[in-house]
Amino acid sequence: MKLYSKQIVLLVSLAMVVSFTSCKSMILNAASTGISSSNQNGVPSKVKEGSPNPMMAFMGEKDPVIVQEVLPTILKLYEIMHIKNPDHQGNTIMLGSLNVMYANLCVESKAELLTDPRQLDIQVEEFERAKLHYLRGHDLIFSAFETRWPGFTQAIMGNDEQAIKQYTAKLTKGDVNAAYWACAGFFASFALNPLDSNIIGSIKGHIAVLEKACELDPEYSNGSIWDVLTQIYVAAPMDFGGNYERGIYCHEQALKVSKGLSASIYVTEAKSICIPSGDREGFEKALNTALEINIDDYPANALMNVIGQKKAQRLLDSVDDYFIEW
């Protein structure tokens, strides 16, 4: 009887431990789902039409500095959640996206301002930091895709066109946001170092992912996917996926979807199309158009338009550096 009682106590204790572990897991999953707006399987949470969008606190901000100051803290908070709950795909994807945002807003954008030749070493170092976070974000998001579809990463990073087609076909509309951030990070890294052999050989697969994303949601984020495709199509060598005509088409689609309210799309036109073709007039026209955009006309894109207009002004101020008059 005494032995039997001990067994009951052990079973009850074990049940309590299991229950506590289960509750802890449930709490972590609920918290991760809440802060990432996607569930454990990476499926975006359904949002009622007309519901307030928490991301407006960032994307609707007109002061980039305040976002740059708070983003590192937010990034680390998500990283802590990821360490505690690494299997939550929604949180993993959000952490990956934040790494890409951080690289762009807090590192590369600031490094671009270091124009003094004496600061060249610092600028190069900062660009390397940006590349680190771009690829970290890419790899985190791809790890979530890999969990769902084993073999995804190898296929997209490789050159087997059949495998690329097979795996991009698995993407759904719910994956478009994650696909965009992963590929945006990948191509931003390529832009910082176009000679990186580890990147250039994987361009085709990532282009295919973005093309699939456009097919699933052509109006995503005010034409952002079309804009990234424009940049990569006109910059990449033909043997690695470059296609100038397709790039021009993607630019036209970006303008159409954005209704002319995205400064970054005009900056892309100036940098990626006008500079290589020696079109100074088109360069100045595109950048002046970017500067004429009223930030209040599209509040959801306020942050990116402020940043885009700052880039447009810097490019205009340096126009003589890009076009040589004989």
# chains A, B, ... in the order shown; residues from 1 in each chain; ligands from 1

$ closest_atom_pairs --of "stretch 139-219 of chain A" --to "stretch 123-130 of chain A" --cutoff "12 Å" --atoms "only C-alpha atoms" --output "JSON lines"
{"residue": "A:Gly185", "atom": "CA", "partner": "A:Ala130", "partner_atom": "CA", "distance": 9.5}
{"residue": "A:Phe186", "atom": "CA", "partner": "A:Ala130", "partner_atom": "CA", "distance": 11.2}
{"residue": "A:Ala188", "atom": "CA", "partner": "A:Ala130", "partner_atom": "CA", "distance": 8.9}
{"residue": "A:Ser189", "atom": "CA", "partner": "A:Ala130", "partner_atom": "CA", "distance": 7.7}
{"residue": "A:Phe190", "atom": "CA", "partner": "A:Ala130", "partner_atom": "CA", "distance": 11.2}
{"residue": "A:Ala191", "atom": "CA", "partner": "A:Phe127", "partner_atom": "CA", "distance": 10.3}
{"residue": "A:Leu192", "atom": "CA", "partner": "A:Phe127", "partner_atom": "CA", "distance": 6.9}
{"residue": "A:Asn193", "atom": "CA", "partner": "A:Glu128", "partner_atom": "CA", "distance": 9.1}

$ write_last_selection --atoms "N, CA and C atoms" --output "PDB file, in the first residue's frame"
ATOM      1  N   GLY A 185      16.268  40.934 -48.518  1.00  0.00           N
ATOM      2  CA  GLY A 185      17.536  40.844 -47.802  1.00  0.00           C
ATOM      3  C   GLY A 185      18.631  40.241 -48.661  1.00  0.00           C
ATOM      4  N   PHE A 186      18.275  39.199 -49.402  1.00  0.00           N
ATOM      5  CA  PHE A 186      19.248  38.526 -50.272  1.00  0.00           C
ATOM      6  C   PHE A 186      19.780  39.477 -51.340  1.00  0.00           C
ATOM      7  N   ALA A 188      19.589  42.794 -51.408  1.00  0.00           N
ATOM      8  CA  ALA A 188      20.290  43.944 -50.824  1.00  0.00           C
ATOM      9  C   ALA A 188      21.733  43.565 -50.528  1.00  0.00           C
ATOM     10  N   SER A 189      21.935  42.332 -50.104  1.00  0.00           N
ATOM     11  CA  SER A 189      23.287  41.832 -49.860  1.00  0.00           C
ATOM     12  C   SER A 189      24.066  41.755 -51.172  1.00  0.00           C
ATOM     13  N   PHE A 190      23.406  41.311 -52.225  1.00  0.00           N
ATOM     14  CA  PHE A 190      24.034  41.247 -53.551  1.00  0.00           C
ATOM     15  C   PHE A 190      24.454  42.640 -54.020  1.00  0.00           C
ATOM     16  N   ALA A 191      23.592  43.638 -53.771  1.00  0.00           N
ATOM     17  CA  ALA A 191      23.900  45.002 -54.191  1.00  0.00           C
ATOM     18  C   ALA A 191      25.146  45.536 -53.490  1.00  0.00           C
ATOM     19  N   LEU A 192      25.367  45.092 -52.252  1.00  0.00           N
ATOM     20  CA  LEU A 192      26.540  45.543 -51.501  1.00  0.00           C
ATOM     21  C   LEU A 192      27.818  44.851 -51.964  1.00  0.00           C
ATOM     22  N   ASN A 193      27.656  43.650 -52.521  1.00  0.00           N
ATOM     23  CA  ASN A 193      28.833  42.909 -53.001  1.00  0.00           C
ATOM     24  C   ASN A 193      28.447  42.036 -54.191  1.00  0.00           C
TER      25      ASN A 193
END

$ residues_around --residues "A:Ala144" --least-positions-apart "3" --cutoff "9 Å" --atoms "only C-alpha atoms" --output "PyMOL selection string"
chain A and resi 41-42+87-90+92-93+139-141+147-149

$ write_last_selection --atoms "N, CA and C atoms" --output "PDB file, in the first residue's frame"
ATOM      1  N   ASN A  41       2.763  27.880 -37.320  1.00  0.00           N
ATOM      2  CA  ASN A  41       3.100  27.364 -38.647  1.00  0.00           C
ATOM      3  C   ASN A  41       3.381  28.476 -39.656  1.00  0.00           C
ATOM      4  N   GLY A  42       3.465  29.709 -39.162  1.00  0.00           N
ATOM      5  CA  GLY A  42       3.788  30.827 -40.045  1.00  0.00           C
ATOM      6  C   GLY A  42       2.615  31.376 -40.822  1.00  0.00           C
ATOM      7  N   ASP A  87      10.766  26.958 -32.537  1.00  0.00           N
ATOM      8  CA  ASP A  87       9.935  26.250 -33.508  1.00  0.00           C
ATOM      9  C   ASP A  87       8.738  27.072 -33.980  1.00  0.00           C
ATOM     10  N   HIS A  88       8.553  28.251 -33.413  1.00  0.00           N
ATOM     11  CA  HIS A  88       7.419  29.090 -33.820  1.00  0.00           C
ATOM     12  C   HIS A  88       7.782  29.819 -35.114  1.00  0.00           C
ATOM     13  N   GLN A  89       7.221  29.344 -36.223  1.00  0.00           N
ATOM     14  CA  GLN A  89       7.596  29.882 -37.531  1.00  0.00           C
ATOM     15  C   GLN A  89       7.220  31.345 -37.692  1.00  0.00           C
ATOM     16  N   GLY A  90       6.078  31.732 -37.122  1.00  0.00           N
ATOM     17  CA  GLY A  90       5.650  33.124 -37.240  1.00  0.00           C
ATOM     18  C   GLY A  90       6.657  34.075 -36.629  1.00  0.00           C
ATOM     19  N   THR A  92       9.831  33.371 -36.042  1.00  0.00           N
ATOM     20  CA  THR A  92      11.077  33.252 -36.810  1.00  0.00           C
ATOM     21  C   THR A  92      11.045  34.152 -38.042  1.00  0.00           C
ATOM     22  N   ILE A  93       9.914  34.154 -38.735  1.00  0.00           N
ATOM     23  CA  ILE A  93       9.762  34.989 -39.928  1.00  0.00           C
ATOM     24  C   ILE A  93       9.815  36.472 -39.560  1.00  0.00           C
ATOM     25  N   ASP A 139      18.182  33.994 -44.011  1.00  0.00           N
ATOM     26  CA  ASP A 139      18.359  32.611 -43.553  1.00  0.00           C
ATOM     27  C   ASP A 139      17.304  32.217 -42.522  1.00  0.00           C
ATOM     28  N   LEU A 140      16.907  33.144 -41.665  1.00  0.00           N
ATOM     29  CA  LEU A 140      15.866  32.850 -40.675  1.00  0.00           C
ATOM     30  C   LEU A 140      14.544  32.529 -41.366  1.00  0.00           C
ATOM     31  N   ILE A 141      14.176  33.348 -42.324  1.00  0.00           N
ATOM     32  CA  ILE A 141      12.910  33.120 -43.029  1.00  0.00           C
ATOM     33  C   ILE A 141      12.966  31.829 -43.836  1.00  0.00           C
ATOM     34  N   THR A 147      11.431  24.156 -42.830  1.00  0.00           N
ATOM     35  CA  THR A 147      10.683  23.311 -41.893  1.00  0.00           C
ATOM     36  C   THR A 147       9.418  22.790 -42.550  1.00  0.00           C
ATOM     37  N   ARG A 148       8.766  23.636 -43.322  1.00  0.00           N
ATOM     38  CA  ARG A 148       7.532  23.250 -44.003  1.00  0.00           C
ATOM     39  C   ARG A 148       7.795  22.350 -45.201  1.00  0.00           C
ATOM     40  N   TRP A 149       8.821  22.713 -45.960  1.00  0.00           N
ATOM     41  CA  TRP A 149       9.104  22.005 -47.213  1.00  0.00           C
ATOM     42  C   TRP A 149      10.579  21.627 -47.261  1.00  0.00           C
TER      43      TRP A 149
END

$ closest_residue --among "A:Tyr102, A:Tyr298, A:Phe152, A:Trp181" --to "A:Lys259" --atoms "only C-alpha atoms"
A:Tyr298

$ select_by_dssp --residues "stretch 224-304 of chain A" --states "helix (DSSP H, G or I)" --output "PyMOL selection string"
chain A and resi 224-235+238-240+244-258+263-277+280-292+295-297+299-304

$ residues_around --residues "stretch 263-266 of chain A" --least-positions-apart "5" --cutoff "6 Å" --atoms "only C-alpha atoms" --output "NGL selection string"
:A and (286 or 290 or 305 or 308)

$ atom_distance --atom1 "atom CA of A:Lys165" --atom2 "atom CA of A:Ala208"
7.6 Å

$ closest_residue --among "A:Val257, A:Ala179, A:Thr153, A:Arg280" --to "A:Glu325" --atoms "only C-alpha atoms"
A:Arg280

$ residues_around --residues "A:Asn222" --least-positions-apart "4" --cutoff "9 Å" --atoms "only C-alpha atoms" --output "ChimeraX atom specification"
/A:254-255,257-259,261-262,301
